[in-house]
file entry_26.cif (mmCIF, C-alpha atoms and all ligand atoms)
data_coords
loop_
_atom_site.label_atom_id
_atom_site.label_comp_id
_atom_site.auth_asym_id
_atom_site.auth_seq_id
_atom_site.Cartn_x
_atom_site.Cartn_y
_atom_site.Cartn_z
CA MET A 279 26.51 -9.06 -7.63
CA LYS A 280 23.51 -7.99 -9.66
CA LEU A 281 20.04 -6.67 -9.00
CA GLU A 282 18.18 -9.87 -8.18
CA THR A 283 15.12 -8.39 -6.55
CA ILE A 284 13.22 -5.25 -7.48
CA THR A 285 10.06 -4.71 -5.48
CA ASP A 286 7.26 -2.23 -6.02
CA ASN A 287 5.67 -1.97 -2.59
CA HIS A 288 2.39 -0.42 -3.74
CA MET A 289 0.73 -1.01 -7.10
CA HIS A 290 -2.82 -1.34 -8.33
CA ILE A 291 -3.68 -3.40 -11.39
CA ASP A 292 -7.12 -2.93 -12.92
CA PRO A 293 -8.09 -5.28 -15.77
CA ALA A 294 -11.49 -3.54 -16.15
CA ASN A 295 -10.37 0.10 -16.41
CA GLY A 296 -6.64 -0.08 -17.13
CA MET A 297 -3.97 -2.16 -18.87
CA GLY A 298 -4.36 -5.09 -16.50
CA LEU A 299 -1.88 -7.89 -17.16
CA GLU A 300 0.01 -5.74 -19.71
CA ALA A 301 0.99 -3.33 -16.90
CA ALA A 302 2.46 -6.22 -14.92
CA LYS A 303 4.33 -7.41 -18.03
CA ARG A 304 5.81 -3.92 -18.47
CA PHE A 305 6.91 -3.93 -14.83
CA LYS A 306 8.59 -7.29 -15.39
CA ARG A 307 10.23 -6.27 -18.68
CA ALA A 308 11.71 -3.20 -16.98
CA GLY A 309 13.32 -5.49 -14.39
CA GLY A 310 10.68 -5.78 -11.67
CA THR A 311 10.50 -9.10 -9.82
CA CYS A 312 8.07 -8.57 -6.99
CA MET A 313 4.92 -6.50 -6.50
CA PHE A 314 2.55 -5.72 -3.67
CA LEU A 315 -0.88 -5.66 -5.31
CA VAL A 316 -3.29 -3.44 -3.39
CA ASN A 317 -7.01 -3.89 -4.03
CA LYS A 318 -8.84 -1.24 -6.00
CA MET A 319 -12.10 0.27 -4.76
CA SER A 320 -15.62 -1.09 -5.11
CA LYS A 321 -16.48 1.30 -7.93
CA ASP A 322 -13.52 0.02 -9.95
CA TRP A 323 -14.73 -3.54 -9.45
CA GLY A 324 -18.32 -2.58 -10.32
CA VAL A 325 -19.43 -3.77 -6.89
CA THR A 326 -22.24 -1.92 -5.09
CA VAL A 327 -21.50 -2.22 -1.39
CA THR A 328 -24.46 -2.41 0.99
CA LYS A 329 -22.87 -4.71 3.60
CA ALA A 330 -19.46 -5.88 4.77
CA GLY A 331 -19.77 -9.17 2.92
CA ASP A 332 -19.80 -7.35 -0.40
CA PHE A 333 -16.06 -6.76 0.03
CA THR A 334 -15.40 -10.49 -0.17
CA ALA A 335 -15.72 -10.38 -3.97
CA ILE A 336 -13.24 -7.49 -4.13
CA PHE A 337 -10.65 -9.28 -1.98
CA GLU A 338 -11.15 -12.56 -3.83
CA GLY A 339 -10.88 -10.75 -7.13
CA THR A 340 -7.59 -9.17 -6.04
CA VAL A 341 -6.16 -12.52 -4.90
CA GLU A 342 -7.22 -14.20 -8.17
CA LEU A 343 -5.76 -11.32 -10.19
CA GLY A 344 -2.49 -11.75 -8.29
CA GLN A 345 -2.45 -15.49 -9.01
CA MET A 346 -3.12 -14.87 -12.70
CA ILE A 347 -0.32 -12.27 -12.91
CA ALA A 348 2.10 -14.61 -11.12
CA GLU A 349 1.25 -17.48 -13.49
CA GLU A 350 1.48 -15.37 -16.65
CA THR A 351 4.63 -13.42 -15.76
CA GLY A 352 6.52 -15.35 -13.10
CA LEU A 353 6.47 -12.27 -10.86
CA ALA A 354 6.11 -12.72 -7.11
CA VAL A 355 2.78 -11.05 -6.33
CA PHE A 356 1.66 -10.23 -2.80
CA PRO A 357 -1.98 -9.12 -2.43
CA VAL A 358 -2.76 -6.41 0.11
CA VAL A 359 -6.42 -6.11 1.11
CA GLY A 360 -8.40 -3.49 2.99
CA VAL A 361 -10.79 -0.56 2.82
CA HIS A 362 -9.37 2.58 1.18
CA PRO A 363 -10.09 5.79 3.14
CA ALA A 364 -11.92 7.22 0.12
CA GLU A 365 -14.13 4.14 0.17
CA LEU A 366 -15.10 4.93 3.74
CA VAL A 367 -15.84 8.55 2.80
CA TYR A 368 -18.09 7.25 0.03
CA LEU A 369 -19.86 4.83 2.38
CA CYS A 370 -20.37 7.64 4.93
CA ALA A 371 -22.09 9.74 2.27
CA ARG A 372 -24.41 6.88 1.38
CA PHE A 373 -25.18 5.33 4.75
CA GLY A 374 -24.11 7.83 7.42
CA THR A 375 -21.01 7.41 9.56
CA VAL A 376 -22.41 4.83 12.00
CA ARG A 377 -23.48 2.32 9.36
CA ALA A 378 -20.44 3.09 7.18
CA LEU A 379 -18.13 2.28 10.08
CA GLU A 380 -20.04 -0.94 10.75
CA ILE A 381 -19.66 -2.02 7.12
CA SER A 382 -15.98 -1.06 6.86
CA THR A 383 -14.87 -2.63 10.15
CA GLY A 384 -16.69 -5.79 9.06
CA ALA A 385 -14.80 -5.59 5.76
CA VAL A 386 -11.45 -5.27 7.56
CA ASP A 387 -12.37 -8.37 9.58
CA ILE A 388 -13.04 -10.20 6.32
CA ALA A 389 -9.70 -8.93 4.97
CA SER A 390 -8.00 -10.30 8.07
CA GLY A 391 -9.28 -13.76 7.13
CA PHE A 392 -7.47 -13.46 3.79
CA VAL A 393 -4.23 -12.60 5.58
CA GLU A 394 -4.69 -15.33 8.17
CA SER A 395 -5.19 -17.98 5.49
CA GLY A 396 -2.12 -16.76 3.61
CA LEU A 397 -4.04 -15.56 0.54
CA ALA A 398 -3.05 -11.94 1.24
CA ALA A 399 0.28 -10.66 2.54
CA ALA A 400 -0.88 -7.65 4.55
CA LEU A 401 -3.73 -5.26 5.31
CA GLY A 402 -4.08 -1.99 3.41
CA GLU A 403 -4.50 0.56 2.22
CA ILE A 404 -6.29 1.83 5.29
CA GLY A 405 -6.12 5.15 7.12
CA ARG A 406 -7.59 8.55 6.62
CA PRO A 407 -8.35 10.73 3.61
CA HIS A 408 -5.60 13.01 2.27
CA TYR A 409 -8.22 15.71 1.61
CA PRO A 410 -10.44 17.61 4.08
CA VAL A 411 -13.65 15.88 5.19
CA GLU A 412 -16.36 16.56 7.79
CA PRO A 413 -15.19 16.02 11.39
CA ASP A 414 -17.48 13.01 11.91
CA VAL A 415 -16.10 11.35 8.77
CA PHE A 416 -12.54 12.01 9.95
CA GLU A 417 -13.48 10.52 13.30
CA ALA A 418 -14.89 7.42 11.59
CA SER A 419 -11.63 7.11 9.59
CA ASN A 420 -9.62 7.17 12.80
CA LYS A 421 -11.85 4.51 14.36
CA LEU A 422 -11.51 2.27 11.32
CA LEU A 423 -7.73 2.76 11.32
CA GLU A 424 -7.43 1.91 15.00
CA HIS A 425 -9.54 -1.20 14.46
CA ALA A 426 -7.32 -2.24 11.55
CA LEU A 427 -4.15 -1.68 13.60
CA CYS A 428 -5.65 -3.87 16.30
CA VAL A 429 -6.43 -6.61 13.78
CA ALA A 430 -2.91 -6.36 12.31
CA LYS A 431 -1.45 -6.63 15.80
CA ASP A 432 -3.43 -9.79 16.51
CA LEU A 433 -2.43 -11.32 13.18
CA GLY A 434 1.18 -10.16 13.50
CA CYS A 435 0.93 -8.83 9.94
CA ALA A 436 1.96 -5.55 8.35
CA ILE A 437 -0.44 -2.79 7.38
CA GLN A 438 -0.07 -0.23 4.60
CA LEU A 439 -1.37 3.18 5.62
CA HIS A 440 -2.93 5.77 3.36
CA THR A 441 -3.06 9.10 5.15
CA GLU A 442 -2.64 12.81 4.66
CA SER A 443 0.96 14.05 4.20
CA ALA A 444 3.34 13.42 7.04
CA SER A 445 2.94 15.91 9.88
CA GLU A 446 3.56 16.00 13.63
CA LYS A 447 -0.22 15.86 14.18
CA LEU A 448 -0.50 12.70 12.08
CA PHE A 449 2.34 10.97 13.89
CA ASP A 450 1.06 12.04 17.30
CA ASP A 451 -2.31 10.49 16.45
CA LEU A 452 -0.62 7.36 15.14
CA SER A 453 1.56 7.07 18.22
CA LYS A 454 -1.57 7.07 20.40
CA MET A 455 -3.09 4.33 18.25
CA VAL A 456 0.12 2.32 18.40
CA LYS A 457 0.01 2.56 22.18
CA ASN A 458 -3.71 1.69 22.36
CA THR A 459 -3.43 -1.33 20.09
CA GLY A 460 0.01 -2.62 21.02
CA ILE A 461 1.05 -3.03 17.37
CA LYS A 462 4.78 -2.82 16.68
CA PRO A 463 5.34 0.39 14.70
CA ASP A 464 7.74 -1.42 12.36
CA LYS A 465 4.74 -3.38 11.01
CA ILE A 466 3.23 -0.09 9.83
CA VAL A 467 4.11 1.10 6.33
CA LYS A 468 3.47 4.73 5.42
CA HIS A 469 2.42 4.51 1.78
CA PHE A 470 2.97 7.60 -0.42
CA SER A 471 5.86 8.87 1.68
CA GLY A 472 7.96 11.78 0.48
CA PRO A 473 11.76 11.98 0.56
CA ASP A 474 11.80 13.18 4.18
CA THR A 475 11.98 9.64 5.54
CA ALA A 476 13.50 10.69 8.87
CA MET A 477 10.16 12.05 10.03
CA VAL A 478 8.52 8.64 9.54
CA GLN A 479 11.48 6.56 10.73
CA LYS A 480 11.67 8.59 13.93
CA ARG A 481 8.36 6.98 14.94
CA GLY A 482 9.61 3.50 14.05
CA ILE A 483 7.31 3.38 11.00
CA MET A 484 8.54 2.15 7.60
CA PRO A 485 8.27 4.77 4.84
CA SER A 486 7.30 3.62 1.35
CA VAL A 487 8.65 6.36 -0.85
CA LEU A 488 6.96 7.49 -4.05
CA SER A 489 9.73 6.63 -6.46
CA SER A 490 10.68 9.59 -8.57
CA THR A 491 14.44 9.71 -9.14
CA GLU A 492 14.62 12.91 -7.08
CA ASN A 493 12.69 11.42 -4.14
CA ILE A 494 14.82 8.29 -3.94
CA ALA A 495 18.10 10.17 -4.39
CA ALA A 496 17.06 12.52 -1.57
CA ALA A 497 15.96 9.68 0.72
CA LEU A 498 19.26 7.86 0.10
CA LYS A 499 21.20 10.85 1.43
CA HIS A 500 19.71 10.00 4.82
CA ASN A 501 19.76 6.18 4.88
CA THR A 502 18.33 3.01 3.29
CA GLY A 503 15.49 2.45 5.77
CA PHE A 504 12.64 2.72 3.29
CA LEU A 505 10.68 0.86 0.61
CA MET A 506 10.01 1.96 -2.97
CA GLU A 507 6.62 2.26 -4.67
CA SER A 508 5.02 3.67 -7.81
CA ASP A 509 1.42 3.82 -6.54
CA TYR A 510 0.55 2.90 -10.11
CA ILE A 511 -3.26 3.09 -10.40
CA ASP A 512 -3.79 1.48 -13.82
CA ASP A 513 -6.71 3.65 -14.90
CA ASN A 514 -7.12 4.60 -18.57
CA ARG A 515 -9.39 7.47 -17.50
CA ARG A 516 -6.41 9.14 -15.82
CA PRO A 517 -3.55 8.72 -18.28
CA GLY A 518 -0.31 10.31 -17.18
CA ALA A 519 -1.85 11.28 -13.82
CA VAL A 520 0.47 8.93 -11.98
CA MET A 521 3.73 7.06 -12.27
CA GLY A 522 3.81 4.19 -14.75
CA PRO A 523 4.36 0.51 -13.90
CA LYS A 524 8.04 0.62 -14.96
CA THR A 525 8.91 3.39 -12.49
CA VAL A 526 10.47 1.43 -9.61
CA PRO A 527 12.72 -0.83 -11.72
CA ARG A 528 13.72 2.04 -14.01
CA VAL A 529 14.60 4.45 -11.20
CA THR A 530 16.44 1.73 -9.29
CA LYS A 531 18.56 0.79 -12.30
CA LYS A 532 19.25 4.41 -13.16
CA LEU A 533 20.44 5.17 -9.62
CA VAL A 534 22.66 2.07 -9.63
CA GLU A 535 24.14 2.97 -13.03
CA THR A 536 24.90 6.51 -11.92
CA GLY A 537 26.51 5.29 -8.71
CA VAL A 538 23.96 6.93 -6.41
CA LEU A 539 22.72 3.54 -5.19
CA SER A 540 25.05 0.63 -4.47
CA LEU A 541 23.93 -2.93 -5.20
CA GLU A 542 24.14 -3.72 -1.48
CA ASP A 543 21.85 -0.84 -0.65
CA ALA A 544 19.47 -1.78 -3.47
CA ALA A 545 19.24 -5.29 -2.02
CA ARG A 546 18.55 -3.82 1.40
CA ILE A 547 15.66 -1.70 0.09
CA HIS A 548 14.11 -4.23 -2.28
CA CYS A 549 14.66 -7.40 -0.28
CA ASP A 550 15.83 -7.06 3.35
CA ASN A 551 13.48 -4.20 4.28
CA ILE A 552 10.54 -5.97 2.64
CA GLU A 553 11.26 -9.27 4.39
CA LYS A 554 11.70 -7.61 7.74
CA THR A 555 8.54 -5.51 7.45
CA TYR A 556 6.23 -8.21 6.14
CA GLY A 557 7.76 -11.08 8.09
CA PHE A 558 8.37 -13.54 5.25
CA GLU A 559 11.12 -14.40 2.82
CA LEU A 560 11.00 -13.38 -0.82
CA PRO A 561 11.39 -16.18 -3.36
ZN ZN B 601 -2.98 3.05 -3.56
#
call {"tool": "encode", "arguments": {"input": "entry_26.cif", "output": "structure tokens", "more": "lines below"}}
Ligand SMILES: [Zn+2]
result
Amino acid sequence: MKLETITDNHMHIDPANGMGLEAAKRFKRAGGTCMFLVNKMSKDWGVTVTKAGDFTAIFEGTVELGQMIAEETGLAVFPVVGVHPAELVYLCARFGTVRALEISTGAVDIASGFVESGLAAALGEIGRPHYPVEPDVFEASNKLLEHALCVAKDLGCAIQLHTESASEKLFDDLSKMVKNTGIKPDKIVKHFSGPDTAMVQKRGIMPSVLSSTENIAAALKHNTGFLMESDYIDDNRRPGAVMGPKTVPRVTKKLVETGVLSLEDAARIHCDNIEKTYGFELP
């Protein structure tokens, strides 16, 4: 048995401000086979948002970028589309919370069309800012998140969450939203999770662990119920600020070579957990 599938559950590729295709090639060369490509924000696309419909170009651009990467590299690329919490904060500053919420919920509805038609694999990243904001902006973030959970429930699709660090308060809030919307918690992926996966798993939510060797080794001590991600942002203006595109394949191989991760468990993380969470089979 060998490592047939290596999946990075959360990557951004930015041809305008980063390496673009070259980053995907590096991922592939390191052993990656499958990536979840999360859309970058309007400012990265050079799009000035004044209405929900302006997000269409961003989602289309992400889907087209994914198709180009797949054609050029042979990678399996799954676009994930949504409104980043920082995008909502930015819209609130420009338009006020009421209009910002109108625009962003409309954008999530547009994103849902991409998932429904099969162009995108899931919704995300959606949630609430990981830094302090005014109470009304936080409230708007929660409303947008609950709307997105509702949409995901109706579509039966998964949703990647971007939130503050895991805490009891966060999971209590999420549990209420899960109850209100009826979404199955196992369709919710907590992006940027730390090694304490038990806290997320306890709520039935799938952790996507930021893949330093230490984080993954620590998470493995508990169990294999998690996904791996680099959260690569592909931005030349922030070199070295984040993990590189080779991170997930490199760390996976290293942990297999050192006997920390068995091939069976690697297959569970990179293939079975992905298929179960997203509800489709990997090629
Ligand atoms: Zn991200």
call {"tool": "residues_near_ligand", "arguments": {"input": "entry_26.cif", "ligand": "ligand ZN 601 (chain B)", "cutoff": "10 Å", "atoms": "all atoms listed in the file", "output": "mmCIF file with C-alpha atoms, in the coordinates of the input"}}
result
data_model
loop_
_atom_site.group_PDB
_atom_site.id
_atom_site.type_symbol
_atom_site.label_atom_id
_atom_site.label_comp_id
_atom_site.auth_asym_id
_atom_site.auth_seq_id
_atom_site.Cartn_x
_atom_site.Cartn_y
_atom_site.Cartn_z
ATOM 1 C CA HIS A 288 2.390 -0.420 -3.740
ATOM 2 C CA MET A 289 0.730 -1.010 -7.100
ATOM 3 C CA HIS A 290 -2.820 -1.340 -8.330
ATOM 4 C CA LEU A 315 -0.880 -5.660 -5.310
ATOM 5 C CA VAL A 316 -3.290 -3.440 -3.390
ATOM 6 C CA ASN A 317 -7.010 -3.890 -4.030
ATOM 7 C CA LYS A 318 -8.840 -1.240 -6.000
ATOM 8 C CA MET A 319 -12.100 0.270 -4.760
ATOM 9 C CA HIS A 362 -9.370 2.580 1.180
ATOM 10 C CA GLY A 402 -4.080 -1.990 3.410
ATOM 11 C CA GLU A 403 -4.500 0.560 2.220
ATOM 12 C CA ILE A 404 -6.290 1.830 5.290
ATOM 13 C CA GLN A 438 -0.070 -0.230 4.600
ATOM 14 C CA LEU A 439 -1.370 3.180 5.620
ATOM 15 C CA HIS A 440 -2.930 5.770 3.360
ATOM 16 C CA HIS A 469 2.420 4.510 1.780
ATOM 17 C CA PHE A 470 2.970 7.600 -0.420
ATOM 18 C CA GLU A 507 6.620 2.260 -4.670
ATOM 19 C CA SER A 508 5.020 3.670 -7.810
ATOM 20 C CA ASP A 509 1.420 3.820 -6.540
ATOM 21 C CA TYR A 510 0.550 2.900 -10.110
ATOM 22 C CA ILE A 511 -3.260 3.090 -10.400
#
call {"tool": "closest_residue", "arguments": {"input": "entry_26.cif", "among": "A:Ala398, A:Val327, A:Met521, A:Ile347", "to": "A:Tyr368", "atoms": "all atoms listed in the file"}}
result
A:Val327
call {"tool": "residues_around", "arguments": {"input": "entry_26.cif", "residues": "A:Ala400", "least_positions_apart": "5", "cutoff": "10 Å", "atoms": "only C-alpha atoms", "output": "list of chain:residue names"}}
result
A:Phe314, A:Val316, A:Phe356, A:Pro357, A:Val358, A:Val359, A:Gly360, A:Ala389, A:Ser390, A:Phe392, A:Val393, A:Glu394, A:Ala430, A:Leu433, A:Gly434, A:Cys435, A:Ala436, A:Ile437, A:Gln438, A:Lys465, A:Tyr556, A:Gly557
call {"tool": "closest_residue", "arguments": {"input": "entry_26.cif", "among": "A:Gly396, A:Gly331, A:Gly405, A:Gly352", "to": "A:Gly310", "atoms": "all atoms listed in the file"}}
result
A:Gly352
call {"tool": "atom_distance", "arguments": {"input": "entry_26.cif", "atom1": "atom CA of A:Glu553", "atom2": "atom CA of A:Gln345"}}
result
20.2 Å
call {"tool": "residues_near_point", "arguments": {"input": "entry_26.cif", "point": "(19.2, 2.3, 8.4)", "cutoff": "12 Å", "atoms": "only C-alpha atoms", "output": "NGL selection string"}}
result
:A and (475-476 or 479-480 or 482 or 484-485 or 497-505 or 543 or 546-547 or 550-551)
call {"tool": "closest_residue", "arguments": {"input": "entry_26.cif", "among": "A:Lys431, A:Asn514, A:Ala364, A:Asn287", "to": "A:Val467", "atoms": "all atoms listed in the file"}}
result
A:Asn287
call {"tool": "closest_residue", "arguments": {"input": "entry_26.cif", "among": "A:Val355, A:Leu448, A:Ile483, A:Leu397", "to": "A:Pro463", "atoms": "all atoms listed in the file"}}
result
A:Ile483
call {"tool": "closest_residue", "arguments": {"input": "entry_26.cif", "among": "A:His408, A:Arg528, A:Lys329, A:Arg516", "to": "A:Glu380", "atoms": "all atoms listed in the file"}}
result
A:Lys329
call {"tool": "residues_around", "arguments": {"input": "entry_26.cif", "residues": "A:Ala545", "least_positions_apart": "4", "cutoff": "12 Å", "atoms": "only C-alpha atoms", "output": "count of residues only"}}
result
24
call {"tool": "closest_residue", "arguments": {"input": "entry_26.cif", "among": "A:Phe373, A:Thr441, A:Glu424, A:Gly384", "to": "A:Arg406", "atoms": "all atoms listed in the file"}}
result
A:Thr441
call {"tool": "decode", "arguments": {"input": "entry_26.cif", "residues": "stretch 339-375 of chain A", "atoms": "N, CA and C atoms", "output": "PDB file, in the first residue's frame"}}
result
ATOM      1  N   GLY A 339     -14.443  33.189 -11.201  1.00  0.00           N
ATOM      2  CA  GLY A 339     -12.982  33.227 -11.323  1.00  0.00           C
ATOM      3  C   GLY A 339     -12.337  32.077 -10.580  1.00  0.00           C
ATOM      4  N   THR A 340     -12.855  31.749  -9.413  1.00  0.00           N
ATOM      5  CA  THR A 340     -12.313  30.650  -8.601  1.00  0.00           C
ATOM      6  C   THR A 340     -12.549  29.301  -9.296  1.00  0.00           C
ATOM      7  N   VAL A 341     -13.745  29.132  -9.835  1.00  0.00           N
ATOM      8  CA  VAL A 341     -14.071  27.885 -10.547  1.00  0.00           C
ATOM      9  C   VAL A 341     -13.170  27.734 -11.776  1.00  0.00           C
ATOM     10  N   GLU A 342     -13.010  28.825 -12.533  1.00  0.00           N
ATOM     11  CA  GLU A 342     -12.160  28.776 -13.741  1.00  0.00           C
ATOM     12  C   GLU A 342     -10.696  28.514 -13.372  1.00  0.00           C
ATOM     13  N   LEU A 343     -10.253  29.135 -12.280  1.00  0.00           N
ATOM     14  CA  LEU A 343      -8.883  28.897 -11.800  1.00  0.00           C
ATOM     15  C   LEU A 343      -8.700  27.418 -11.451  1.00  0.00           C
ATOM     16  N   GLY A 344      -9.701  26.855 -10.793  1.00  0.00           N
ATOM     17  CA  GLY A 344      -9.659  25.435 -10.426  1.00  0.00           C
ATOM     18  C   GLY A 344      -9.589  24.548 -11.658  1.00  0.00           C
ATOM     19  N   GLN A 345     -10.376  24.892 -12.686  1.00  0.00           N
ATOM     20  CA  GLN A 345     -10.372  24.092 -13.920  1.00  0.00           C
ATOM     21  C   GLN A 345      -9.007  24.180 -14.610  1.00  0.00           C
ATOM     22  N   MET A 346      -8.436  25.382 -14.602  1.00  0.00           N
ATOM     23  CA  MET A 346      -7.125  25.583 -15.241  1.00  0.00           C
ATOM     24  C   MET A 346      -6.061  24.756 -14.503  1.00  0.00           C
ATOM     25  N   ILE A 347      -6.084  24.817 -13.172  1.00  0.00           N
ATOM     26  CA  ILE A 347      -5.106  24.064 -12.370  1.00  0.00           C
ATOM     27  C   ILE A 347      -5.250  22.563 -12.634  1.00  0.00           C
ATOM     28  N   ALA A 348      -6.499  22.099 -12.659  1.00  0.00           N
ATOM     29  CA  ALA A 348      -6.749  20.667 -12.899  1.00  0.00           C
ATOM     30  C   ALA A 348      -6.211  20.248 -14.262  1.00  0.00           C
ATOM     31  N   GLU A 349      -6.456  21.081 -15.286  1.00  0.00           N
ATOM     32  CA  GLU A 349      -5.985  20.753 -16.638  1.00  0.00           C
ATOM     33  C   GLU A 349      -4.456  20.750 -16.726  1.00  0.00           C
ATOM     34  N   GLU A 350      -3.840  21.735 -16.087  1.00  0.00           N
ATOM     35  CA  GLU A 350      -2.385  21.889 -16.206  1.00  0.00           C
ATOM     36  C   GLU A 350      -1.608  20.879 -15.362  1.00  0.00           C
ATOM     37  N   THR A 351      -2.201  20.444 -14.248  1.00  0.00           N
ATOM     38  CA  THR A 351      -1.446  19.625 -13.290  1.00  0.00           C
ATOM     39  C   THR A 351      -1.995  18.209 -13.113  1.00  0.00           C
ATOM     40  N   GLY A 352      -3.255  18.008 -13.480  1.00  0.00           N
ATOM     41  CA  GLY A 352      -3.875  16.713 -13.229  1.00  0.00           C
ATOM     42  C   GLY A 352      -4.359  16.540 -11.796  1.00  0.00           C
ATOM     43  N   LEU A 353      -4.225  17.603 -10.992  1.00  0.00           N
ATOM     44  CA  LEU A 353      -4.735  17.542  -9.612  1.00  0.00           C
ATOM     45  C   LEU A 353      -6.264  17.504  -9.626  1.00  0.00           C
ATOM     46  N   ALA A 354      -6.854  16.912  -8.596  1.00  0.00           N
ATOM     47  CA  ALA A 354      -8.291  17.042  -8.394  1.00  0.00           C
ATOM     48  C   ALA A 354      -8.501  18.330  -7.601  1.00  0.00           C
ATOM     49  N   VAL A 355      -9.251  19.265  -8.155  1.00  0.00           N
ATOM     50  CA  VAL A 355      -9.435  20.568  -7.519  1.00  0.00           C
ATOM     51  C   VAL A 355     -10.917  20.786  -7.218  1.00  0.00           C
ATOM     52  N   PHE A 356     -11.208  21.086  -5.950  1.00  0.00           N
ATOM     53  CA  PHE A 356     -12.589  21.292  -5.533  1.00  0.00           C
ATOM     54  C   PHE A 356     -12.785  22.728  -5.042  1.00  0.00           C
ATOM     55  N   PRO A 357     -13.455  23.572  -5.830  1.00  0.00           N
ATOM     56  CA  PRO A 357     -13.671  24.955  -5.411  1.00  0.00           C
ATOM     57  C   PRO A 357     -14.641  25.051  -4.222  1.00  0.00           C
ATOM     58  N   VAL A 358     -14.321  25.965  -3.333  1.00  0.00           N
ATOM     59  CA  VAL A 358     -15.161  26.257  -2.169  1.00  0.00           C
ATOM     60  C   VAL A 358     -15.459  27.750  -2.225  1.00  0.00           C
ATOM     61  N   VAL A 359     -16.746  28.107  -2.233  1.00  0.00           N
ATOM     62  CA  VAL A 359     -17.091  29.518  -2.450  1.00  0.00           C
ATOM     63  C   VAL A 359     -17.945  30.079  -1.314  1.00  0.00           C
ATOM     64  N   GLY A 360     -17.678  31.345  -0.982  1.00  0.00           N
ATOM     65  CA  GLY A 360     -18.421  31.990   0.089  1.00  0.00           C
ATOM     66  C   GLY A 360     -17.908  33.392   0.346  1.00  0.00           C
ATOM     67  N   VAL A 361     -18.359  33.948   1.475  1.00  0.00           N
ATOM     68  CA  VAL A 361     -17.972  35.308   1.858  1.00  0.00           C
ATOM     69  C   VAL A 361     -17.143  35.225   3.142  1.00  0.00           C
ATOM     70  N   HIS A 362     -15.866  35.535   3.025  1.00  0.00           N
ATOM     71  CA  HIS A 362     -14.939  35.494   4.166  1.00  0.00           C
ATOM     72  C   HIS A 362     -15.410  36.489   5.239  1.00  0.00           C
ATOM     73  N   PRO A 363     -15.295  36.108   6.530  1.00  0.00           N
ATOM     74  CA  PRO A 363     -15.724  37.030   7.597  1.00  0.00           C
ATOM     75  C   PRO A 363     -15.064  38.414   7.497  1.00  0.00           C
ATOM     76  N   ALA A 364     -13.816  38.461   7.084  1.00  0.00           N
ATOM     77  CA  ALA A 364     -13.137  39.762   6.952  1.00  0.00           C
ATOM     78  C   ALA A 364     -13.754  40.595   5.829  1.00  0.00           C
ATOM     79  N   GLU A 365     -14.304  39.897   4.846  1.00  0.00           N
ATOM     80  CA  GLU A 365     -15.008  40.584   3.753  1.00  0.00           C
ATOM     81  C   GLU A 365     -16.268  41.269   4.302  1.00  0.00           C
ATOM     82  N   LEU A 366     -16.962  40.554   5.176  1.00  0.00           N
ATOM     83  CA  LEU A 366     -18.158  41.147   5.778  1.00  0.00           C
ATOM     84  C   LEU A 366     -17.789  42.356   6.645  1.00  0.00           C
ATOM     85  N   VAL A 367     -16.714  42.238   7.396  1.00  0.00           N
ATOM     86  CA  VAL A 367     -16.259  43.364   8.232  1.00  0.00           C
ATOM     87  C   VAL A 367     -15.988  44.592   7.352  1.00  0.00           C
ATOM     88  N   TYR A 368     -15.351  44.338   6.234  1.00  0.00           N
ATOM     89  CA  TYR A 368     -15.023  45.390   5.265  1.00  0.00           C
ATOM     90  C   TYR A 368     -16.298  46.008   4.672  1.00  0.00           C
ATOM     91  N   LEU A 369     -17.260  45.161   4.340  1.00  0.00           N
ATOM     92  CA  LEU A 369     -18.525  45.666   3.791  1.00  0.00           C
ATOM     93  C   LEU A 369     -19.292  46.475   4.839  1.00  0.00           C
ATOM     94  N   CYS A 370     -19.230  46.035   6.102  1.00  0.00           N
ATOM     95  CA  CYS A 370     -19.899  46.766   7.196  1.00  0.00           C
ATOM     96  C   CYS A 370     -19.319  48.181   7.324  1.00  0.00           C
ATOM     97  N   ALA A 371     -18.012  48.282   7.194  1.00  0.00           N
ATOM     98  CA  ALA A 371     -17.350  49.587   7.315  1.00  0.00           C
ATOM     99  C   ALA A 371     -17.772  50.507   6.171  1.00  0.00           C
ATOM    100  N   ARG A 372     -18.002  49.927   5.013  1.00  0.00           N
ATOM    101  CA  ARG A 372     -18.355  50.754   3.849  1.00  0.00           C
ATOM    102  C   ARG A 372     -19.835  51.070   3.762  1.00  0.00           C
ATOM    103  N   PHE A 373     -20.683  50.113   4.106  1.00  0.00           N
ATOM    104  CA  PHE A 373     -22.116  50.278   3.846  1.00  0.00           C
ATOM    105  C   PHE A 373     -22.984  50.263   5.099  1.00  0.00           C
ATOM    106  N   GLY A 374     -22.395  50.013   6.265  1.00  0.00           N
ATOM    107  CA  GLY A 374     -23.204  49.799   7.466  1.00  0.00           C
ATOM    108  C   GLY A 374     -23.649  48.354   7.535  1.00  0.00           C
ATOM    109  N   THR A 375     -23.998  47.891   8.728  1.00  0.00           N
ATOM    110  CA  THR A 375     -24.241  46.456   8.906  1.00  0.00           C
ATOM    111  C   THR A 375     -25.479  45.953   8.155  1.00  0.00           C
TER     112      THR A 375
END
